[in-house]
>>> print(open('run-v6.cif').read())   # mmCIF, C-alpha atoms and all ligand atoms
data_my_file
loop_
_atom_site.label_atom_id
_atom_site.label_comp_id
_atom_site.auth_asym_id
_atom_site.auth_seq_id
_atom_site.Cartn_x
_atom_site.Cartn_y
_atom_site.Cartn_z
CA MET Q 1 0.00 0.00 0.00
CA SER Q 2 1.24 3.46 -0.80
CA ASP Q 3 1.48 6.11 1.94
CA ALA Q 4 -0.08 8.78 -0.28
CA PRO Q 5 -3.03 10.55 1.37
CA LYS Q 6 -6.35 8.95 0.54
CA ILE Q 7 -8.43 10.59 -2.14
CA GLU Q 8 -11.67 11.72 -0.49
CA SER Q 9 -13.68 12.81 -3.48
CA LEU Q 10 -13.73 12.20 -7.21
CA THR Q 11 -15.64 13.99 -9.97
CA ILE Q 12 -16.02 12.14 -13.26
CA ILE Q 13 -18.05 12.43 -16.42
CA ARG Q 14 -21.49 10.96 -15.76
CA PRO Q 15 -21.25 7.20 -16.38
CA ASP Q 16 -23.28 4.98 -18.71
CA ASP Q 17 -24.36 1.41 -18.08
CA PHE Q 18 -23.77 -0.66 -21.20
CA HIS Q 19 -25.80 -3.67 -20.01
CA VAL Q 20 -28.91 -3.50 -17.84
CA HIS Q 21 -32.15 -5.46 -17.36
CA PHE Q 22 -35.18 -3.33 -16.55
CA ARG Q 23 -37.95 -5.95 -17.08
CA ASP Q 24 -41.48 -4.61 -17.45
CA GLY Q 25 -44.58 -3.69 -15.45
CA GLY Q 26 -44.16 -3.15 -11.71
CA VAL Q 27 -40.52 -4.26 -11.62
CA LEU Q 28 -39.66 -1.78 -14.38
CA ARG Q 29 -41.29 1.00 -12.40
CA ALA Q 30 -39.38 0.01 -9.28
CA VAL Q 31 -35.90 -0.33 -10.77
CA VAL Q 32 -35.55 2.37 -13.46
CA PRO Q 33 -35.05 5.26 -10.98
CA SER Q 34 -31.95 3.58 -9.51
CA THR Q 35 -30.24 3.49 -12.89
CA ALA Q 36 -31.50 6.90 -13.99
CA ARG Q 37 -30.13 8.45 -10.80
CA ASP Q 38 -26.46 7.75 -11.50
CA PHE Q 39 -26.25 6.94 -15.22
CA ALA Q 40 -26.94 9.10 -18.26
CA ARG Q 41 -27.64 6.22 -20.64
CA ALA Q 42 -28.02 2.46 -20.55
CA ILE Q 43 -28.03 -0.32 -23.10
CA VAL Q 44 -31.30 -2.08 -22.25
CA MET Q 45 -31.45 -5.86 -22.59
CA PRO Q 46 -34.36 -7.25 -24.64
CA ASN Q 47 -35.01 -10.55 -22.78
CA LEU Q 48 -38.59 -9.81 -21.80
CA ILE Q 49 -41.37 -12.36 -22.11
CA PRO Q 50 -42.03 -12.22 -25.06
CA PRO Q 51 -38.65 -10.88 -26.17
CA VAL Q 52 -38.16 -7.53 -27.89
CA VAL Q 53 -37.67 -8.61 -31.51
CA THR Q 54 -38.85 -5.69 -33.65
CA GLY Q 55 -37.99 -2.01 -33.88
CA GLU Q 56 -41.60 -1.17 -33.03
CA GLN Q 57 -41.46 -3.27 -29.86
CA ALA Q 58 -38.19 -1.60 -28.92
CA SER Q 59 -39.76 1.85 -29.34
CA ALA Q 60 -42.80 0.91 -27.30
CA TYR Q 61 -40.55 -0.52 -24.56
CA LYS Q 62 -38.44 2.64 -24.62
CA ALA Q 63 -41.58 4.72 -24.05
CA ARG Q 64 -42.54 2.53 -21.07
CA ILE Q 65 -39.05 2.99 -19.62
CA LEU Q 66 -39.11 6.76 -20.09
CA ASP Q 67 -42.45 6.82 -18.31
CA CYS Q 68 -40.65 5.49 -15.21
CA VAL Q 69 -37.81 8.04 -15.20
CA PRO Q 70 -38.52 10.42 -12.30
CA GLU Q 71 -36.82 13.53 -13.73
CA GLY Q 72 -33.71 14.47 -15.62
CA SER Q 73 -32.49 13.28 -18.93
CA PHE Q 74 -31.86 9.55 -18.73
CA GLN Q 75 -31.67 7.93 -22.16
CA PRO Q 76 -32.43 4.23 -22.71
CA LEU Q 77 -30.46 2.75 -25.62
CA MET Q 78 -32.55 -0.04 -27.07
CA THR Q 79 -31.54 -3.46 -28.38
CA LEU Q 80 -33.21 -6.31 -30.22
CA TYR Q 81 -33.22 -9.96 -29.22
CA LEU Q 82 -31.70 -12.06 -32.01
CA THR Q 83 -33.66 -15.16 -32.97
CA GLU Q 84 -33.13 -17.60 -35.79
CA THR Q 85 -36.10 -16.06 -37.59
CA THR Q 86 -34.97 -12.43 -37.29
CA GLN Q 87 -35.13 -10.90 -40.77
CA PRO Q 88 -32.05 -8.98 -41.91
CA GLU Q 89 -34.10 -6.32 -43.69
CA ASN Q 90 -36.11 -5.60 -40.52
CA VAL Q 91 -32.90 -5.18 -38.57
CA ARG Q 92 -31.53 -2.86 -41.22
CA GLN Q 93 -34.68 -0.78 -40.99
CA ALA Q 94 -34.52 -0.55 -37.20
CA ILE Q 95 -30.89 0.57 -37.46
CA ASP Q 96 -31.61 3.08 -40.25
CA ASN Q 97 -34.49 4.51 -38.23
CA LYS Q 98 -32.16 4.81 -35.21
CA LEU Q 99 -34.47 2.69 -33.07
CA ILE Q 100 -31.71 0.41 -31.78
CA HIS Q 101 -28.05 0.58 -30.79
CA ALA Q 102 -27.19 -3.13 -30.70
CA ILE Q 103 -28.52 -6.65 -31.06
CA LYS Q 104 -28.20 -9.26 -28.33
CA LEU Q 105 -27.24 -12.83 -29.06
CA TYR Q 106 -28.33 -15.31 -26.40
CA PRO Q 107 -27.33 -18.90 -27.02
CA ALA Q 108 -30.65 -20.75 -26.64
CA GLY Q 109 -31.01 -21.98 -23.07
CA ALA Q 110 -27.98 -20.13 -21.70
CA THR Q 111 -29.75 -17.87 -19.21
CA THR Q 112 -32.96 -16.10 -18.14
CA ASN Q 113 -35.51 -15.97 -20.99
CA SER Q 114 -33.10 -17.24 -23.59
CA ASP Q 115 -35.33 -19.96 -25.01
CA SER Q 116 -35.94 -17.95 -28.18
CA GLY Q 117 -32.21 -17.49 -28.64
CA VAL Q 118 -29.79 -18.92 -31.15
CA HIS Q 119 -29.01 -22.63 -31.46
CA CYS Q 120 -26.74 -22.32 -34.45
CA VAL Q 121 -24.86 -19.13 -35.32
CA GLU Q 122 -24.69 -20.17 -38.95
CA ARG Q 123 -28.44 -19.49 -39.21
CA VAL Q 124 -28.10 -15.84 -38.19
CA ILE Q 125 -25.15 -14.93 -40.40
CA PRO Q 126 -27.32 -12.81 -42.77
CA VAL Q 127 -28.34 -10.62 -39.81
CA LEU Q 128 -24.76 -10.43 -38.58
CA GLU Q 129 -23.72 -9.27 -42.04
CA VAL Q 130 -26.11 -6.33 -41.70
CA LEU Q 131 -24.57 -5.49 -38.34
CA ALA Q 132 -21.06 -5.69 -39.79
CA GLU Q 133 -22.02 -3.48 -42.71
CA THR Q 134 -23.67 -0.84 -40.53
CA GLY Q 135 -21.10 -0.96 -37.70
CA THR Q 136 -23.81 -1.95 -35.20
CA PRO Q 137 -22.50 -3.88 -32.19
CA LEU Q 138 -23.50 -7.47 -31.52
CA CYS Q 139 -23.76 -8.02 -27.76
CA VAL Q 140 -23.00 -11.62 -26.95
CA HIS Q 141 -23.85 -13.75 -23.95
CA GLY Q 142 -20.66 -15.77 -24.18
CA GLU Q 143 -21.46 -19.20 -22.82
CA VAL Q 144 -21.96 -22.53 -24.54
CA THR Q 145 -24.93 -24.54 -23.36
CA ASP Q 146 -23.81 -28.12 -24.03
CA PRO Q 147 -24.81 -30.12 -20.95
CA ASP Q 148 -21.48 -31.92 -20.99
CA ILE Q 149 -19.49 -28.71 -20.58
CA ASP Q 150 -18.99 -27.78 -16.94
CA ILE Q 151 -20.75 -24.55 -15.99
CA PHE Q 152 -17.43 -23.02 -14.89
CA ASP Q 153 -15.90 -23.73 -18.32
CA ARG Q 154 -18.71 -22.44 -20.50
CA GLU Q 155 -17.20 -19.03 -21.20
CA ALA Q 156 -13.82 -20.42 -22.24
CA ALA Q 157 -15.52 -23.01 -24.45
CA PHE Q 158 -17.63 -20.30 -26.11
CA ILE Q 159 -14.53 -18.38 -27.12
CA ASP Q 160 -13.07 -21.43 -28.85
CA LYS Q 161 -16.24 -22.83 -30.36
CA VAL Q 162 -18.13 -19.68 -31.34
CA LEU Q 163 -16.18 -16.43 -31.08
CA LEU Q 164 -12.94 -17.37 -32.77
CA PRO Q 165 -14.70 -18.91 -35.80
CA LEU Q 166 -17.07 -15.91 -35.96
CA ARG Q 167 -14.10 -13.52 -35.98
CA GLU Q 168 -12.64 -15.43 -38.92
CA ARG Q 169 -15.93 -15.46 -40.74
CA LEU Q 170 -16.90 -11.80 -40.20
CA PRO Q 171 -13.88 -9.77 -39.07
CA GLU Q 172 -15.77 -6.49 -39.57
CA LEU Q 173 -18.48 -7.46 -37.09
CA ARG Q 174 -18.19 -5.38 -33.92
CA ILE Q 175 -18.67 -7.62 -30.90
CA VAL Q 176 -19.18 -6.87 -27.21
CA MET Q 177 -18.53 -9.93 -25.12
CA GLU Q 178 -20.94 -9.22 -22.30
CA HIS Q 179 -20.11 -9.64 -18.61
CA ILE Q 180 -16.83 -11.48 -18.98
CA THR Q 181 -15.94 -13.54 -15.95
CA THR Q 182 -12.62 -15.22 -16.75
CA ARG Q 183 -8.99 -14.61 -17.58
CA ASP Q 184 -9.83 -16.37 -20.87
CA GLY Q 185 -12.34 -13.61 -21.65
CA VAL Q 186 -9.78 -10.90 -20.85
CA ASP Q 187 -7.09 -12.59 -22.95
CA PHE Q 188 -9.48 -13.11 -25.84
CA VAL Q 189 -10.41 -9.42 -25.98
CA LYS Q 190 -6.79 -8.35 -25.71
CA SER Q 191 -5.81 -10.68 -28.55
CA GLN Q 192 -8.33 -9.12 -30.95
CA ASP Q 193 -8.49 -5.85 -32.88
CA ASP Q 194 -10.64 -2.80 -32.07
CA ASN Q 195 -13.80 -4.55 -33.24
CA VAL Q 196 -13.95 -6.53 -30.00
CA ALA Q 197 -14.66 -5.20 -26.52
CA ALA Q 198 -16.12 -6.53 -23.27
CA THR Q 199 -18.30 -5.37 -20.45
CA ILE Q 200 -17.49 -6.21 -16.83
CA THR Q 201 -19.94 -6.13 -13.90
CA PRO Q 202 -19.27 -4.78 -10.41
CA HIS Q 203 -20.18 -8.11 -8.85
CA HIS Q 204 -17.67 -10.05 -10.93
CA LEU Q 205 -15.04 -7.59 -9.72
CA MET Q 206 -15.98 -8.19 -6.08
CA LEU Q 207 -17.02 -11.83 -5.77
CA ASN Q 208 -15.47 -15.20 -6.40
CA ARG Q 209 -17.20 -18.57 -6.23
CA ASN Q 210 -16.45 -18.97 -2.54
CA HIS Q 211 -18.75 -16.04 -1.87
CA LEU Q 212 -21.49 -17.97 -3.65
CA LEU Q 213 -20.90 -21.42 -2.25
CA ALA Q 214 -18.62 -21.61 0.80
CA GLY Q 215 -20.38 -21.86 4.16
CA GLY Q 216 -23.85 -21.94 2.60
CA ILE Q 217 -25.38 -21.25 -0.79
CA ARG Q 218 -26.15 -17.58 -1.38
CA PRO Q 219 -28.77 -17.25 -4.06
CA HIS Q 220 -28.36 -13.51 -4.38
CA TYR Q 221 -24.84 -14.09 -5.69
CA TYR Q 222 -26.07 -16.50 -8.33
CA CYS Q 223 -25.84 -14.99 -11.78
CA LEU Q 224 -24.81 -16.08 -15.25
CA PRO Q 225 -22.09 -16.41 -16.23
CA ILE Q 226 -21.49 -17.79 -12.75
CA VAL Q 227 -18.81 -16.16 -10.58
CA LYS Q 228 -15.48 -17.96 -10.97
CA ARG Q 229 -12.40 -18.72 -8.90
CA GLU Q 230 -10.29 -15.93 -7.41
CA SER Q 231 -7.60 -15.90 -10.10
CA HIS Q 232 -10.26 -15.01 -12.67
CA ARG Q 233 -11.60 -12.21 -10.50
CA GLN Q 234 -8.06 -10.84 -10.24
CA ALA Q 235 -7.69 -10.89 -14.03
CA LEU Q 236 -10.96 -8.94 -14.37
CA ARG Q 237 -9.80 -6.36 -11.84
CA VAL Q 238 -6.55 -5.81 -13.71
CA ALA Q 239 -8.42 -5.43 -17.02
CA ALA Q 240 -11.10 -3.07 -15.66
CA THR Q 241 -8.62 -0.80 -13.90
CA SER Q 242 -5.98 -0.82 -16.66
CA GLY Q 243 -7.34 2.13 -18.63
CA ASP Q 244 -7.66 -0.13 -21.70
CA SER Q 245 -10.78 1.19 -23.44
CA ARG Q 246 -11.78 -2.28 -24.68
CA PHE Q 247 -13.10 -3.00 -21.17
CA PHE Q 248 -16.05 -1.00 -19.90
CA LEU Q 249 -18.94 -1.01 -17.47
CA GLY Q 250 -22.03 -3.10 -18.04
CA THR Q 251 -23.66 -3.72 -14.67
CA ASP Q 252 -25.85 -6.63 -15.77
CA SER Q 253 -28.16 -5.36 -13.05
CA ALA Q 254 -30.81 -8.09 -13.26
CA PRO Q 255 -33.69 -7.76 -10.82
CA HIS Q 256 -35.64 -10.83 -9.75
CA THR Q 257 -38.15 -10.80 -6.95
CA ARG Q 258 -36.99 -12.37 -3.73
CA ASP Q 259 -39.31 -15.36 -4.01
CA THR Q 260 -37.77 -16.34 -7.33
CA LYS Q 261 -34.19 -15.97 -6.03
CA GLU Q 262 -34.68 -17.74 -2.70
CA SER Q 263 -36.03 -20.87 -4.25
CA ALA Q 264 -35.10 -24.51 -4.84
CA CYS Q 265 -34.34 -23.46 -8.41
CA GLY Q 266 -33.43 -19.81 -8.07
CA CYS Q 267 -33.19 -17.31 -10.93
CA ALA Q 268 -29.85 -15.94 -12.10
CA GLY Q 269 -29.22 -12.26 -11.60
CA VAL Q 270 -27.78 -9.64 -9.27
CA PHE Q 271 -29.56 -6.33 -8.76
CA ASN Q 272 -26.75 -3.80 -8.35
CA ALA Q 273 -28.09 -0.60 -9.91
CA PRO Q 274 -28.38 1.27 -6.57
CA ASN Q 275 -24.76 0.80 -5.48
CA THR Q 276 -22.69 0.16 -8.61
CA MET Q 277 -20.74 3.41 -8.61
CA GLY Q 278 -19.87 3.21 -4.91
CA CYS Q 279 -18.72 -0.39 -5.33
CA LEU Q 280 -16.64 0.49 -8.39
CA ALA Q 281 -14.92 3.39 -6.64
CA GLN Q 282 -14.04 0.98 -3.82
CA VAL Q 283 -12.55 -1.53 -6.28
CA PHE Q 284 -10.61 1.13 -8.18
CA GLU Q 285 -9.29 2.59 -4.92
CA GLU Q 286 -8.12 -0.85 -3.80
CA GLU Q 287 -6.34 -1.26 -7.14
CA GLN Q 288 -4.86 2.25 -6.75
CA ALA Q 289 -6.50 3.18 -10.00
CA LEU Q 290 -9.14 5.79 -9.14
CA ASP Q 291 -7.75 7.81 -12.05
CA LYS Q 292 -8.96 5.05 -14.39
CA LEU Q 293 -12.55 4.90 -13.14
CA GLU Q 294 -13.74 7.54 -15.59
CA MET Q 295 -12.34 5.59 -18.54
CA PHE Q 296 -14.06 2.39 -17.42
CA SER Q 297 -17.45 3.79 -16.52
CA SER Q 298 -17.82 6.98 -18.56
CA LEU Q 299 -15.58 7.01 -21.64
CA ALA Q 300 -14.69 3.58 -23.01
CA GLY Q 301 -18.22 2.32 -23.60
CA SER Q 302 -19.45 5.42 -25.38
CA LYS Q 303 -16.33 5.33 -27.54
CA PHE Q 304 -17.08 1.76 -28.61
CA TYR Q 305 -20.74 2.57 -29.25
CA ARG Q 306 -19.68 5.70 -31.18
CA LEU Q 307 -21.65 8.00 -28.92
CA PRO Q 308 -20.47 11.34 -27.56
CA ALA Q 309 -19.27 11.39 -23.96
CA ASN Q 310 -21.85 12.79 -21.56
CA ASP Q 311 -21.59 16.47 -20.77
CA SER Q 312 -22.61 16.29 -17.11
CA ARG Q 313 -20.61 14.94 -14.17
CA ILE Q 314 -21.09 13.06 -10.93
CA THR Q 315 -19.10 13.31 -7.74
CA LEU Q 316 -18.18 10.33 -5.62
CA ARG Q 317 -17.24 10.78 -2.01
CA ARG Q 318 -15.23 8.63 0.38
CA PHE Q 319 -16.87 8.34 3.79
CA ALA Q 320 -15.12 7.62 7.10
CA GLU Q 321 -17.47 4.72 7.80
CA PRO Q 322 -18.73 2.00 5.47
CA VAL Q 323 -21.74 3.15 3.45
CA LYS Q 324 -25.05 1.51 4.34
CA PHE Q 325 -26.70 0.83 1.01
CA PRO Q 326 -30.39 -0.03 0.91
CA ALA Q 327 -30.82 -3.78 1.35
CA MET Q 328 -34.09 -4.10 -0.50
CA LEU Q 329 -36.25 -2.40 -3.09
CA ALA Q 330 -39.99 -2.77 -2.76
CA THR Q 331 -42.06 -3.56 -5.82
CA ALA Q 332 -45.81 -3.55 -6.22
CA THR Q 333 -45.60 -6.68 -8.22
CA THR Q 334 -44.93 -10.28 -8.66
CA SER Q 335 -45.01 -12.91 -10.21
CA SER Q 336 -45.10 -14.73 -13.50
CA PRO Q 337 -43.55 -18.18 -13.30
CA ALA Q 338 -40.23 -16.52 -14.10
CA GLY Q 339 -41.05 -13.56 -11.87
CA LEU Q 340 -40.50 -11.06 -14.62
CA ASP Q 341 -43.73 -9.81 -16.12
CA GLY Q 342 -44.99 -7.79 -13.26
CA PHE Q 343 -48.66 -8.05 -14.02
CA ASP Q 344 -50.17 -9.50 -10.87
CA GLN Q 345 -50.47 -7.00 -8.09
CA VAL Q 346 -49.18 -8.79 -5.02
CA THR Q 347 -47.26 -6.99 -2.34
CA GLY Q 348 -45.29 -8.51 0.48
CA PRO Q 349 -41.75 -9.40 1.43
CA ASP Q 350 -41.38 -11.88 -1.42
CA SER Q 351 -41.99 -9.32 -4.11
CA SER Q 352 -39.13 -7.10 -3.07
CA ILE Q 353 -35.78 -7.11 -4.83
CA VAL Q 354 -32.62 -7.67 -2.82
CA VAL Q 355 -29.85 -5.16 -3.56
CA PHE Q 356 -26.31 -6.45 -4.23
CA ASP Q 357 -24.38 -6.93 -0.98
CA PRO Q 358 -20.73 -6.35 -1.90
CA ALA Q 359 -19.51 -8.71 0.86
CA GLN Q 360 -16.98 -6.17 2.12
CA PRO Q 361 -17.00 -2.63 3.48
CA VAL Q 362 -17.52 0.01 0.79
CA TYR Q 363 -16.55 3.55 1.75
CA TRP Q 364 -17.63 5.31 -1.44
CA ASP Q 365 -20.96 6.58 -2.69
CA VAL Q 366 -22.29 9.06 -5.21
CA VAL Q 367 -23.04 12.51 -3.83
CA ARG Q 368 -26.66 13.26 -4.65
CA ASP Q 369 -28.52 16.46 -3.93
O1 LIG D 1 -27.45 -13.42 -14.24
C1 LIG D 1 -28.01 -13.12 -15.26
N1 LIG D 1 -29.27 -12.60 -15.25
N2 LIG D 1 -27.40 -13.33 -16.43
C2 LIG D 1 -28.01 -13.16 -17.59
O2 LIG D 1 -27.41 -13.41 -18.60
C3 LIG D 1 -29.45 -12.76 -17.65
C4 LIG D 1 -29.83 -12.05 -16.44
C5 LIG D 1 -31.34 -11.93 -16.31
O3 LIG D 1 -31.99 -11.55 -17.27
O4 LIG D 1 -31.85 -12.19 -15.24
ZN ZN D 2 -27.58 -9.55 -18.73
#
>>> encode(input="run-v6.cif", output="C-alpha cells")
Amino acid sequence: MSDAPKIESLTIIRPDDFHVHFRDGGVLRAVVPSTARDFARAIVMPNLIPPVVTGEQASAYKARILDCVPEGSFQPLMTLYLTETTQPENVRQAIDNKLIHAIKLYPAGATTNSDSGVHCVERVIPVLEVLAETGTPLCVHGEVTDPDIDIFDREAAFIDKVLLPLRERLPELRIVMEHITTRDGVDFVKSQDDNVAATITPHHLMLNRNHLLAGGIRPHYYCLPIVKRESHRQALRVAATSGDSRFFLGTDSAPHTRDTKESACGCAGVFNAPNTMGCLAQVFEEEQALDKLEMFSSLAGSKFYRLPANDSRITLRRFAEPVKFPAMLATATTSSPAGLDGFDQVTGPDSSIVVFDPAQPVYWDVVRD
C-alpha cells in the first residue's frame, strides 16, 4: 500500500451502463429510478417475455421505460433480441431509423428468458452481415450450453467454439462480449483488434465462487455467467482498472423478486443498480487506479458505441465509515412463473428485490442532492 493521502472525493463524467435489465410492469417501475439516478444512458437488454424482436417493440418498450424516469435526462439505448427467424431487412430498418443501438445474441437456453435465442450461429449470419455493414455492435452472452461442458468452463468453451470462428468469418463485425468472468475472456479481448470489446460487472469484480458457495449457498450471488475462482476475479480487476478502453462497465443489473431468487431453483441475476458506482470506486481505490474509473465507466463504452461522452458529471465521495446501502427495493408486483412480467399485483416481502451486498465494506458513494 502506498502512503499517499487517501483521495476523499472524485468527480467524473457521468457514467453509462452498457448492459442493464429493466424488465417490465411493476418491476420496471421500481428499478428504473436507480439506474437513472447515476447513469446518463443504458443499453437495455431485450429478454422480456415475449422478447423484444422488432424495432416497433423496442420503441414501445423505450416509451414505457421513459415513463418510469422520475426527472432528468436519462436515455435508454434499445436493443433487439436475435432469434433464428430475425429478418435482416427488418434489422436494417430498425438501425436506419435509429431505433436500436445493438442486437443481443443469447445462445438458446444459456440464461434467463433465452429460449428464443440462437441454437446455431450459422443461421443468423445474414443478420450479422447487416450489423457488420452498418457498424452496429453485436452483444453476446458468451457461454456454450452443451450439458457436458462444466458450468465453470462455458465461457472459455464459447470463445473457442463460437467467437474465434465468428471472428474469422466476419472480421468487420463489432462484438461486445458481455459480462466477462474469466482470464480467458480478458485474454481473448486483448488478442483481438478494435472490433472486439467486453463489459465487466461490479459483482464479478468483487465476488469469487467462494462467496457464492462456501459456508452456505447464497442465491443472491447466483448470476450467469457464474462467478469464478479468485484468479479469474483478479484478471478482471486488472483489465477493468488498466485504462484499456476495450473493457467498460455493463452492470448486468438483473432484478428478480426475492421469491424467485430464494427458491429450490433460483433465478440468475444480481440487482446492483443502486450501489454500482460506490462499489466500483471501492474496487478502483483498492487497485490504486481511481484515475482510471472515468475511462471504465464513462468514456470507453461510449467510444465503442460511437456515442459522444456525456456532458454532465457526478461526484463520488469517500466516507469515514462504510456506506449503508439499501438492502431491499420494494415492488408492487410479482409474479409470473419466471417472476418477470410484473402483471399480478401482489405486495409482500417476497416481491421485493434484494440489492447487491458487496460482501466487504464500501466507503464510497455518489453525492446526490
Ligand atoms: O445473471 C443473469 N441474469 N445473467 C443473464 O445473462 C441474464 C440475467 C437476467 O436476465 O436475469
Ligand atoms: Zn444480462
>>> residues_around(input="run-v6.cif", residues="Pro88 of chain Q", least_positions_apart="3", cutoff="10 Å", atoms="all atoms listed in the file", output="ChimeraX atom specification")
/Q:85,91-94,124-131
>>> write_last_selection(input="run-v6.cif", atoms="C-alpha atoms", output="mmCIF file, in the frame of the given file")
data_model
loop_
_atom_site.group_PDB
_atom_site.id
_atom_site.type_symbol
_atom_site.label_atom_id
_atom_site.label_comp_id
_atom_site.auth_asym_id
_atom_site.auth_seq_id
_atom_site.Cartn_x
_atom_site.Cartn_y
_atom_site.Cartn_z
ATOM 1 C CA THR Q 85 -36.100 -16.060 -37.590
ATOM 2 C CA VAL Q 91 -32.900 -5.180 -38.570
ATOM 3 C CA ARG Q 92 -31.530 -2.860 -41.220
ATOM 4 C CA GLN Q 93 -34.680 -0.780 -40.990
ATOM 5 C CA ALA Q 94 -34.520 -0.550 -37.200
ATOM 6 C CA VAL Q 124 -28.100 -15.840 -38.190
ATOM 7 C CA ILE Q 125 -25.150 -14.930 -40.400
ATOM 8 C CA PRO Q 126 -27.320 -12.810 -42.770
ATOM 9 C CA VAL Q 127 -28.340 -10.620 -39.810
ATOM 10 C CA LEU Q 128 -24.760 -10.430 -38.580
ATOM 11 C CA GLU Q 129 -23.720 -9.270 -42.040
ATOM 12 C CA VAL Q 130 -26.110 -6.330 -41.700
ATOM 13 C CA LEU Q 131 -24.570 -5.490 -38.340
#
>>> residues_near_ligand(input="run-v6.cif", ligand="ligand ZN 2 (chain D)", cutoff="7 Å", atoms="only C-alpha atoms and all ligand atoms", output="PyMOL selection string")
chain Q and resi 19-21+45+252+254
>>> atom_distance(input="run-v6.cif", atom1="atom CA of Leu316 of chain Q", atom2="atom CA of Leu10 of chain Q")
5.1 Å
>>> closest_residue(input="run-v6.cif", among="Q:Pro5, Q:Pro326, Q:Pro76, Q:Gly109", to="ligand LIG 1 (chain D)", atoms="all atoms listed in the file")
Q:Gly109
>>> residues_around(input="run-v6.cif", residues="Pro225 of chain Q", least_positions_apart="2", cutoff="9 Å", atoms="only C-alpha atoms", output="JSON, numbers by chain")
{"Q": [110, 111, 141, 142, 143, 151, 152, 154, 155, 179, 180, 181, 222, 223, 227, 228, 268]}
>>> axis_aligned_box(input="run-v6.cif", around="ligand LIG 1 (chain D)", padding_each_side="3 Å", output="AutoDock Vina command-line options")
--center_x -29.7 --center_y -12.5 --center_z -16.4 --size_x 10.6 --size_y 7.9 --size_z 10.4
>>> residues_around(input="run-v6.cif", residues="segment 206-218 of chain Q", least_positions_apart="5", cutoff="8 Å", atoms="only C-alpha atoms", output="list of chain:residue names")
Q:Ile226, Q:Val227, Q:Lys228, Q:Arg229, Q:Glu230, Q:Arg233, Q:Val283, Q:Pro358, Q:Ala359
>>> closest_residue(input="run-v6.cif", among="Q:Ala235, Q:Leu249, Q:Ile7, Q:Ala156", to="Leu290 of chain Q", atoms="only C-alpha atoms")
Q:Ile7
>>> atom_distance(input="run-v6.cif", atom1="atom CA of Ala332 of chain Q", atom2="atom CA of Ser34 of chain Q")
15.9 Å
>>> atom_distance(input="run-v6.cif", atom1="atom CA of Val140 of chain Q", atom2="atom CA of Gly301 of chain Q")
15.1 Å
>>> closest_residue(input="run-v6.cif", among="Q:Asn272, Q:Thr241, Q:Gln87, Q:Ser352", to="ligand LIG 1 (chain D)", atoms="only C-alpha atoms and all ligand atoms")
Q:Asn272
>>> residues_near_point(input="run-v6.cif", point="(-33.8, -21.1, -5.6)", cutoff="12 Å", atoms="only C-alpha atoms", output="list in words")
Ile217, Arg218, Pro219, His220, Tyr221, Tyr222, Cys223, His256, Thr257, Arg258, Asp259, Thr260, Lys261, Glu262, Ser263, Ala264, Cys265, Gly266, Cys267, Ala268, Gly269 and Ala338 of chain Q
>>> closest_residue(input="run-v6.cif", among="Q:Leu66, Q:Leu28, Q:Val186, Q:Ile43", to="Ser242 of chain Q", atoms="all atoms listed in the file")
Q:Val186
>>> closest_residue(input="run-v6.cif", among="Q:Leu80, Q:Ala300, Q:Val176, Q:Met328", to="Asp16 of chain Q", atoms="only C-alpha atoms")
Q:Ala300
